[in-house]
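See structure below.
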Amino acid sequence: MRKSIFTTTTIAVLTLTANFLFAQDDVEGCKDHQFLNRMPNFRLTYCSENYSEDEVVVGDQKKQLIEGTIFNYQYYMDEGKFPSSFQVIKNYENAILAKGGQKIYSSGKHDLDGFVGATFKLANEGNTYWITLHNLSGIEELSGYNLKVIKIEGMKQEITANEMFEKVNSGNSLSLYINFDTGKSTIKSESQNIIDELYTMLKNNPTLKVTIEGHTDNVGNSASNKTLSEQRAASVKTALANKGIAADRIKTIGYGQEKPIADNSTEEGKAKNRRVEIKKQQ
């Protein structure tokens, strides 16, 4: 279904006049994605948004099925100095990498499946975005291309200190979805509310001692994931200690990818496996 899509954040430096002229030629109700703007002199001829699943190219003759909210954009250039496919791919690549994203696959010329384009992955505010350039019309002089963005909602969690205590004190494991910087142990600001509730639980129950377990998905190697999970568990302990909880009330351990609770072959499963578990010390 068609609908108005987001606000504009520029990749290339465009003048206000140019942006105004582009808007005049765009299909009614279509705007660039909030993260990514078009190449200069291209107009937006089509856009759509729906929740579905679609394949993205992740290697030569390799595809991965991704489920999420899919945003499709089609751009076309009528006249002027046409860029090459390589220029378009590189422009988007530089913009996405500058935002902390990563390149998954890129082919400036036809690969074995005839694909010309690129696939990127970006984490932002707890969500994951798969970004694909495809249907590039021409190699040396490109007059049109498609941009597809698949948004995978991050694990959202609202839980109070009392709910935490009831579960932990009963002997059950409490799974918390705390967001960290990608590949790091720095706790993101959007997860501060979880840390605050955890602190309140420990403050209101001064005899309670807990173990914090770190867990990851299976991306990367086992050794590095184990180290990362240990560091993330330690970061949660440090955050609580900095707020006044005695460090000797908290033990930490990291299991890395050893104890998944969901299927690591899907993005949803990986999101569930990237967790911190809180258990009552016996």
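Letters for chains follow the order of the structure tokens (A, B, ...), residue numbers begin at 1 for each chain, and ligand numbers begin at 1 in the order shown.
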
Exercise: segment 250-258 of chain A partners within 7 Å, only C-alpha atoms, chain neighbours under 3 positions left out, as a count of residues only: 19

Nearby residues (only C-alpha atoms) at most 12 Å from Tyr145 of chain A, same-chain spacing under 4 positions excluded, as a ChimeraX atom specification: /A:38-39,42-46,72-77,82-85,88-89,116-118,132-139,141

In segment 118-282 of chain A, DSSP strand (DSSP E or B) residues written as a PyMOL selection string: chain A and resi 118-124+127-134+144-152+174-176+180+187+210-215+250-256+276-280

Residue nearest Ile104 of chain A - candidates A:Ala239, A:Gly59, A:Asn124, A:Lys148, atoms counted: only C-alpha atoms: A:Gly59

Residue neighbourhood Tyr129 of chain A, 10 Å, only C-alpha atoms, exclusion window fewer than 4 positions, as a PyMOL selection string: chain A and resi 68-70+101+120-124+148-153

Based on the selection just made, write N, CA and C atoms of those residues as an mmCIF file, in the first residue's frame.
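Writing done, so here's result.cif:
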```cif
data_model
loop_
_atom_site.group_PDB
_atom_site.id
_atom_site.type_symbol
_atom_site.label_atom_id
_atom_site.label_comp_id
_atom_site.auth_asym_id
_atom_site.auth_seq_id
_atom_site.Cartn_x
_atom_site.Cartn_y
_atom_site.Cartn_z
ATOM 1 N N GLY A 68 10.014 -8.368 8.060
ATOM 2 C CA GLY A 68 9.916 -7.087 8.743
ATOM 3 C C GLY A 68 9.060 -6.119 7.948
ATOM 4 N N THR A 69 9.101 -4.867 8.324
ATOM 5 C CA THR A 69 8.405 -3.825 7.581
ATOM 6 C C THR A 69 9.282 -3.418 6.407
ATOM 7 N N ILE A 70 8.757 -3.587 5.191
ATOM 8 C CA ILE A 70 9.548 -3.381 3.980
ATOM 9 C C ILE A 70 9.150 -2.062 3.323
ATOM 10 N N GLY A 101 26.833 1.435 10.126
ATOM 11 C CA GLY A 101 26.362 0.215 9.490
ATOM 12 C C GLY A 101 27.500 -0.607 8.921
ATOM 13 N N PHE A 120 23.366 -3.868 2.738
ATOM 14 C CA PHE A 120 23.974 -3.335 3.957
ATOM 15 C C PHE A 120 23.089 -3.667 5.159
ATOM 16 N N LYS A 121 23.667 -3.525 6.341
ATOM 17 C CA LYS A 121 22.935 -3.775 7.579
ATOM 18 C C LYS A 121 23.261 -2.655 8.553
ATOM 19 N N LEU A 122 22.224 -2.148 9.223
ATOM 20 C CA LEU A 122 22.398 -1.001 10.117
ATOM 21 C C LEU A 122 21.549 -1.182 11.360
ATOM 22 N N ALA A 123 22.152 -0.951 12.522
ATOM 23 C CA ALA A 123 21.420 -0.969 13.786
ATOM 24 C C ALA A 123 21.188 0.467 14.231
ATOM 25 N N ASN A 124 19.955 0.770 14.639
ATOM 26 C CA ASN A 124 19.636 2.125 15.069
ATOM 27 C C ASN A 124 18.503 2.097 16.075
ATOM 28 N N LYS A 148 15.599 -0.713 -1.226
ATOM 29 C CA LYS A 148 14.700 -1.448 -0.338
ATOM 30 C C LYS A 148 15.261 -1.416 1.079
ATOM 31 N N VAL A 149 14.417 -1.047 2.040
ATOM 32 C CA VAL A 149 14.809 -1.019 3.445
ATOM 33 C C VAL A 149 13.862 -1.923 4.219
ATOM 34 N N ILE A 150 14.416 -2.916 4.914
ATOM 35 C CA ILE A 150 13.600 -3.815 5.743
ATOM 36 C C ILE A 150 13.908 -3.523 7.206
ATOM 37 N N LYS A 151 12.899 -3.108 7.929
ATOM 38 C CA LYS A 151 13.058 -2.750 9.344
ATOM 39 C C LYS A 151 12.604 -3.906 10.222
ATOM 40 N N ILE A 152 13.508 -4.375 11.079
ATOM 41 C CA ILE A 152 13.190 -5.423 12.046
ATOM 42 C C ILE A 152 13.117 -4.777 13.423
ATOM 43 N N GLU A 153 11.959 -4.809 14.012
ATOM 44 C CA GLU A 153 11.766 -4.189 15.326
ATOM 45 C C GLU A 153 12.615 -4.886 16.376
#
```

Selected residue, from A:Gln61, A:Asn127, A:Asn273, A:Asn146, that lies nearest to Asp113 of chain A when counting only C-alpha atoms: A:Gln61

Between atom CA of Lys109 of chain A and atom CA of Glu140 of chain A - distance in Å to one decimal: 9.6 Å

Contacts of Ile245 of chain A within 9 Å, only C-alpha atoms, excl. fewer than 4 positions in-chain, as a list in words: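 Contacts, in chain order: Tyr199, Leu202, Lys203, Pro206, Lys237, Leu240, Ala241, Arg249 and Ile250 of chain A.
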
Those same residues - N, CA and C atoms - I'd like them written as a CSV table (one decimal), in the first residue's frame.
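The new file result_10.csv reads:
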```
chain,number,residue,atom,x,y,z
A,199,TYR,N,18.0,-1.8,39.5
A,199,TYR,CA,18.6,-1.1,40.7
A,199,TYR,C,17.5,-1.0,41.8
A,202,LEU,N,17.0,-4.3,43.6
A,202,LEU,CA,18.1,-4.7,44.5
A,202,LEU,C,18.1,-3.7,45.7
A,203,LYS,N,17.8,-2.5,45.5
A,203,LYS,CA,17.7,-1.5,46.6
A,203,LYS,C,16.6,-1.8,47.6
A,206,PRO,N,17.4,-5.7,50.1
A,206,PRO,CA,18.8,-5.6,50.4
A,206,PRO,C,19.5,-6.9,50.7
A,237,LYS,N,26.7,-5.0,35.9
A,237,LYS,CA,27.1,-5.0,37.3
A,237,LYS,C,27.7,-3.6,37.7
A,240,LEU,N,25.1,-0.9,38.1
A,240,LEU,CA,24.4,-1.1,39.3
A,240,LEU,C,25.2,-0.6,40.5
A,241,ALA,N,26.5,-1.0,40.5
A,241,ALA,CA,27.4,-0.6,41.5
A,241,ALA,C,27.6,0.9,41.6
A,249,ARG,N,27.2,-8.3,46.1
A,249,ARG,CA,25.8,-8.9,45.9
A,249,ARG,C,25.6,-9.4,44.5
A,250,ILE,N,26.6,-9.2,43.6
A,250,ILE,CA,26.4,-9.5,42.2
A,250,ILE,C,27.5,-10.3,41.7
```

Nearest candidate to Thr182 of chain A (options A:Glu166, A:Glu277, A:Glu125, A:Glu28; using only C-alpha atoms):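 Checking each of A:Glu166, A:Glu277, A:Glu125, A:Glu28 against Thr182 of chain A, counting only C-alpha atoms, the winner is A:Glu125.
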
Interatomic distance (Å, one decimal) between atom CA of Thr266 of chain A and atom CA of Glu53 of chain A: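 The value is 11.6 Å.
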
Distance criterion (only C-alpha atoms): nearest to Met201 of chain A out of A:Asn179, A:Asn162, A:Ser235, A:Ser224: A:Asn162

8 Å contact set for Leu65 of chain A, only C-alpha atoms, chain neighbours under 6 positions out, as a list in words: Glu53, Asp54, Glu55 and Val56 of chain A

Write out the residues from the selection above, keeping N, CA and C atoms, as a PDB file, in the first residue's frame.
```
ATOM      1  N   GLU A  53       7.844 -10.571   4.094  1.00  0.00           N
ATOM      2  CA  GLU A  53       9.185 -11.138   4.082  1.00  0.00           C
ATOM      3  C   GLU A  53       9.714 -11.094   2.657  1.00  0.00           C
ATOM      4  N   ASP A  54      11.027 -10.945   2.546  1.00  0.00           N
ATOM      5  CA  ASP A  54      11.620 -10.841   1.223  1.00  0.00           C
ATOM      6  C   ASP A  54      13.066 -11.312   1.302  1.00  0.00           C
ATOM      7  N   GLU A  55      13.605 -11.702   0.155  1.00  0.00           N
ATOM      8  CA  GLU A  55      14.988 -12.155   0.101  1.00  0.00           C
ATOM      9  C   GLU A  55      15.920 -10.975  -0.176  1.00  0.00           C
ATOM     10  N   VAL A  56      17.071 -10.981   0.491  1.00  0.00           N
ATOM     11  CA  VAL A  56      18.112 -10.007   0.200  1.00  0.00           C
ATOM     12  C   VAL A  56      19.355 -10.778  -0.225  1.00  0.00           C
TER      13      VAL A  56
END
```

Coordinates-based distance that separates atom CA of Asn94 of chain A from atom CA of Arg274 of chain A (Å, one decimal): 27.9 Å
